[in-house]
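Note sheet for the following structure.
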Amino acid sequence: MLERLNQAMDHIERNLDQRIEVAELARIAATSEYHFRRLFSALAGIPLSEYIRRRRLTVASAQVLAGEWTLLDVAVRYGYGSSEAFARAFRAMHGVGPGEARRTGAALHSQPRMSFRLIVEGSGSMRYRVVEKEQFRLVGKKARVPLVHEGMNPAIVAFIRSIDQETVRRMVELSDQEPQGIVNVSDNIAGGREEGTELDYYHAVVTSADAPEDMESLTVPAGTWAVFESSGAFPQALQYLWRDVFTQWFPSNPYQSRPGPEISRTRLSQDGKEADAQLWIPVERTTG
C-alpha cells in the first residue's frame, strides 16, 4: 500500500505543471478516491489539495527567483489564470509578492516533497474487529459544526450542553444495538477535511426504531465496519485513535474506508480526564 502511495506522490511531482486528477492518483494507489483523500490527509497532516497547491507554489517560486521566465509565464505554467491570481497565492504563502521576491531575493517558504514509510514502534497493539451490520438508524439531535483536529470542539461542546437531560434519557431508551448508548457521529464532511470545514454532527443512538418528531434520523445502509478501541486521556485518546487507524491500520490491512458516517462512543472516567474510546469506521475490502 505504501509503495503505491509513493508512486502516486511521484505522479504529483511529474505533473505539477499539469492538471492533477484525484481519480488518477487513486488508480495508481489502487484505492478509491474517497479513501485516497482520507488516507493522504491522515498521513500527511494536510489535505491533498493543499499539499498540491503548496508544492506548485514551491516549484513556481524557484522559477520566480531564477528570473528566466516572466511572472506571467510562471503563473500560466503552474495553473494560474492571471498574474494577479498567482501574486495573491504567492503572497499568501510567502508574505511577499513575486515581483518583490525577485527584486530583493527574499527568503521564501517551501513545502518539501513528501514520501511515506511505515514505522512500527511496537509500543502497543491496536484492538479492532470487523463486523457486518444490517441497515440501522441514527436517531438524536443534529448540528452543523466546524471540524477541529485536536482538542475539544467548542461548537460540539456547546451543542451537547444545549440538549436537556430528558431528551437524552429518551434517546437512550431507543438504543437497541451496538454500539450501545449515546454515540457521537460525524457525517457529510465538506471538502478535504481541512480544519474549520463543516460536518454534520449527531448526538444520537444506534437503533432500529423510528425517530420521535423532535429528533433527527439518519438511515445507514447495511455494510462492513471496522471497530477500534483504546483507552487514555480525553479527548486525545479518541483523536489519536482516529489518526492511528489511518496511519497504521489501513496501510497494513486489506481494507479501505468507504463513504458513510463515522461513529464514536466514549465512556468518561469520574473526573472526566480519561476515557474508553470506541471508533466505528465504514470499510470495504480492497480488490487489488
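Going by the C-alpha cells order, chains are called A, B, ..., each with residues numbered from 1, while ligands are numbered from 1 in the order shown.
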Next on the checklist: What parts of range 44-149 of chain A does DSSP call strand (DSSP E)? I'd like the answer as a PyMOL selection string.
Outcome noted: chain A and resi 127-133+136-146
Item to check | Exercise: Gly140 in chain A partners within 8 Å, only C-alpha atoms, chain neighbours under 5 positions left out, as a PyMOL selection string | outcome: chain A and resi 171+202-205+211+215-217
Write the selection just made, keeping N, CA and C atoms, as a PDB file, in the first residue's frame?
```pdb
ATOM      1  N   MET A 171     -33.567   9.388  24.272  1.00  0.00           N
ATOM      2  CA  MET A 171     -32.671   8.826  23.254  1.00  0.00           C
ATOM      3  C   MET A 171     -32.139   7.467  23.688  1.00  0.00           C
ATOM      4  N   TYR A 202     -24.028  14.406  14.920  1.00  0.00           N
ATOM      5  CA  TYR A 202     -25.207  13.849  15.584  1.00  0.00           C
ATOM      6  C   TYR A 202     -24.833  13.405  16.991  1.00  0.00           C
ATOM      7  N   HIS A 203     -25.627  13.803  17.957  1.00  0.00           N
ATOM      8  CA  HIS A 203     -25.575  13.261  19.315  1.00  0.00           C
ATOM      9  C   HIS A 203     -26.762  12.318  19.356  1.00  0.00           C
ATOM     10  N   ALA A 204     -26.500  11.015  19.245  1.00  0.00           N
ATOM     11  CA  ALA A 204     -27.586  10.114  18.868  1.00  0.00           C
ATOM     12  C   ALA A 204     -27.387   8.717  19.445  1.00  0.00           C
ATOM     13  N   VAL A 205     -28.284   7.814  19.045  1.00  0.00           N
ATOM     14  CA  VAL A 205     -28.163   6.400  19.383  1.00  0.00           C
ATOM     15  C   VAL A 205     -28.345   5.578  18.110  1.00  0.00           C
ATOM     16  N   ALA A 211     -37.689   7.699  14.485  1.00  0.00           N
ATOM     17  CA  ALA A 211     -37.334   8.880  15.277  1.00  0.00           C
ATOM     18  C   ALA A 211     -38.584   9.586  15.784  1.00  0.00           C
ATOM     19  N   MET A 215     -36.761  14.755  16.977  1.00  0.00           N
ATOM     20  CA  MET A 215     -35.393  14.280  16.766  1.00  0.00           C
ATOM     21  C   MET A 215     -35.119  14.050  15.284  1.00  0.00           C
ATOM     22  N   GLU A 216     -33.832  14.095  14.937  1.00  0.00           N
ATOM     23  CA  GLU A 216     -33.383  13.830  13.568  1.00  0.00           C
ATOM     24  C   GLU A 216     -33.111  12.338  13.396  1.00  0.00           C
ATOM     25  N   SER A 217     -33.166  11.877  12.138  1.00  0.00           N
ATOM     26  CA  SER A 217     -32.896  10.475  11.842  1.00  0.00           C
ATOM     27  C   SER A 217     -32.011  10.365  10.604  1.00  0.00           C
TER      28      SER A 217
END
```
Each range 168-202 of chain A residue no farther than 12 Å from range 218-230 of chain A, nearest pair in Å, only C-alpha atoms, as a tab-separated table:
```
residue	atom	partner	partner_atom	distance
A:Glu178	CA	A:Val227	CA	10.6
A:Pro179	CA	A:Val227	CA	9.6
A:Val185	CA	A:Leu218	CA	10.3
A:Ser186	CA	A:Leu218	CA	11.5
A:Asp187	CA	A:Leu218	CA	9.8
A:Asn188	CA	A:Leu218	CA	11.4
A:Asp200	CA	A:Leu218	CA	10.7
A:Tyr201	CA	A:Leu218	CA	11.2
A:Tyr202	CA	A:Leu218	CA	9.1
```
Checklist entry - If you count only C-alpha atoms, which residues fall within 8 Å of range 60-76 of chain A, apart from same-chain ones fewer than 3 positions away, as a PyMOL selection string? => result chain A and resi 56-57+79-83+86+90+98-99+101-102+105+108
Checklist entry - Taking into account only C-alpha atoms, which residue in the set A:His35, A:Arg169, A:Arg129, A:Arg144 is nearest to Ile189 in chain A? => result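 So, comparing all the options, the nearest one is A:Arg144.
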Item to check | Selection: 9 Å around Glu3 in chain A, only C-alpha atoms, excl. self and same-chain fewer than 4 positions, as a PyMOL selection string | outcome: chain A and resi 7-8+29+116-117
Checklist entry - Which residues in range 62-170 of chain A does DSSP call alpha helix (DSSP H)? List them as a PyMOL selection string. => result chain A and resi 62-66+71-77+83-94+98-104+154-161+165-170
Please build the interface table for range 11-39 of chain A against range 239-256 of chain A with a cut-off of 9 Å, listing for each qualifying residue the nearest atom pair and the distance in Å to one decimal; count only C-alpha atoms, order rows by chain and increasing number, and write it as a Markdown table.
```
| residue | atom | partner | partner_atom | distance |
| --- | --- | --- | --- | --- |
| A:Thr31 | CA | A:Gln256 | CA | 7.1 |
| A:Ser32 | CA | A:Gln256 | CA | 7.8 |
| A:His35 | CA | A:Gln256 | CA | 6.0 |
| A:Phe36 | CA | A:Gln256 | CA | 8.7 |
| A:Arg38 | CA | A:Phe246 | CA | 7.8 |
| A:Leu39 | CA | A:Phe246 | CA | 5.8 |
```
Using only N, CA and C atoms, please write the residues we just selected to a file, as a PDB file, in the first residue's frame.
```pdb
ATOM      1  N   THR A  31      -6.807   2.306  -4.952  1.00  0.00           N
ATOM      2  CA  THR A  31      -7.831   2.516  -3.935  1.00  0.00           C
ATOM      3  C   THR A  31      -8.877   3.465  -4.497  1.00  0.00           C
ATOM      4  N   SER A  32      -9.885   3.784  -3.717  1.00  0.00           N
ATOM      5  CA  SER A  32     -10.928   4.705  -4.160  1.00  0.00           C
ATOM      6  C   SER A  32     -10.488   6.141  -3.947  1.00  0.00           C
ATOM      7  N   HIS A  35     -11.128   7.079  -0.274  1.00  0.00           N
ATOM      8  CA  HIS A  35     -10.139   6.588   0.683  1.00  0.00           C
ATOM      9  C   HIS A  35      -8.793   7.259   0.473  1.00  0.00           C
ATOM     10  N   PHE A  36      -8.423   7.526  -0.778  1.00  0.00           N
ATOM     11  CA  PHE A  36      -7.135   8.172  -1.037  1.00  0.00           C
ATOM     12  C   PHE A  36      -7.074   9.533  -0.350  1.00  0.00           C
ATOM     13  N   ARG A  38      -8.801  10.534   2.256  1.00  0.00           N
ATOM     14  CA  ARG A  38      -8.795  10.337   3.711  1.00  0.00           C
ATOM     15  C   ARG A  38      -7.425   9.893   4.189  1.00  0.00           C
ATOM     16  N   LEU A  39      -6.845   8.910   3.483  1.00  0.00           N
ATOM     17  CA  LEU A  39      -5.557   8.353   3.886  1.00  0.00           C
ATOM     18  C   LEU A  39      -4.459   9.394   3.764  1.00  0.00           C
TER      19      LEU A  39
END
```
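Reported to one decimal place, the separation of CA of Gln177 in chain A from CA of Phe136 in chain A is 9.0 Å.
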Checklist entry - Please, what distance in Å, to one decimal, runs between CA of Asn184 in chain A and CA of Glu213 in chain A? => result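 Computing the Euclidean distance for CA of Asn184 in chain A and CA of Glu213 in chain A yields 20.3 Å.
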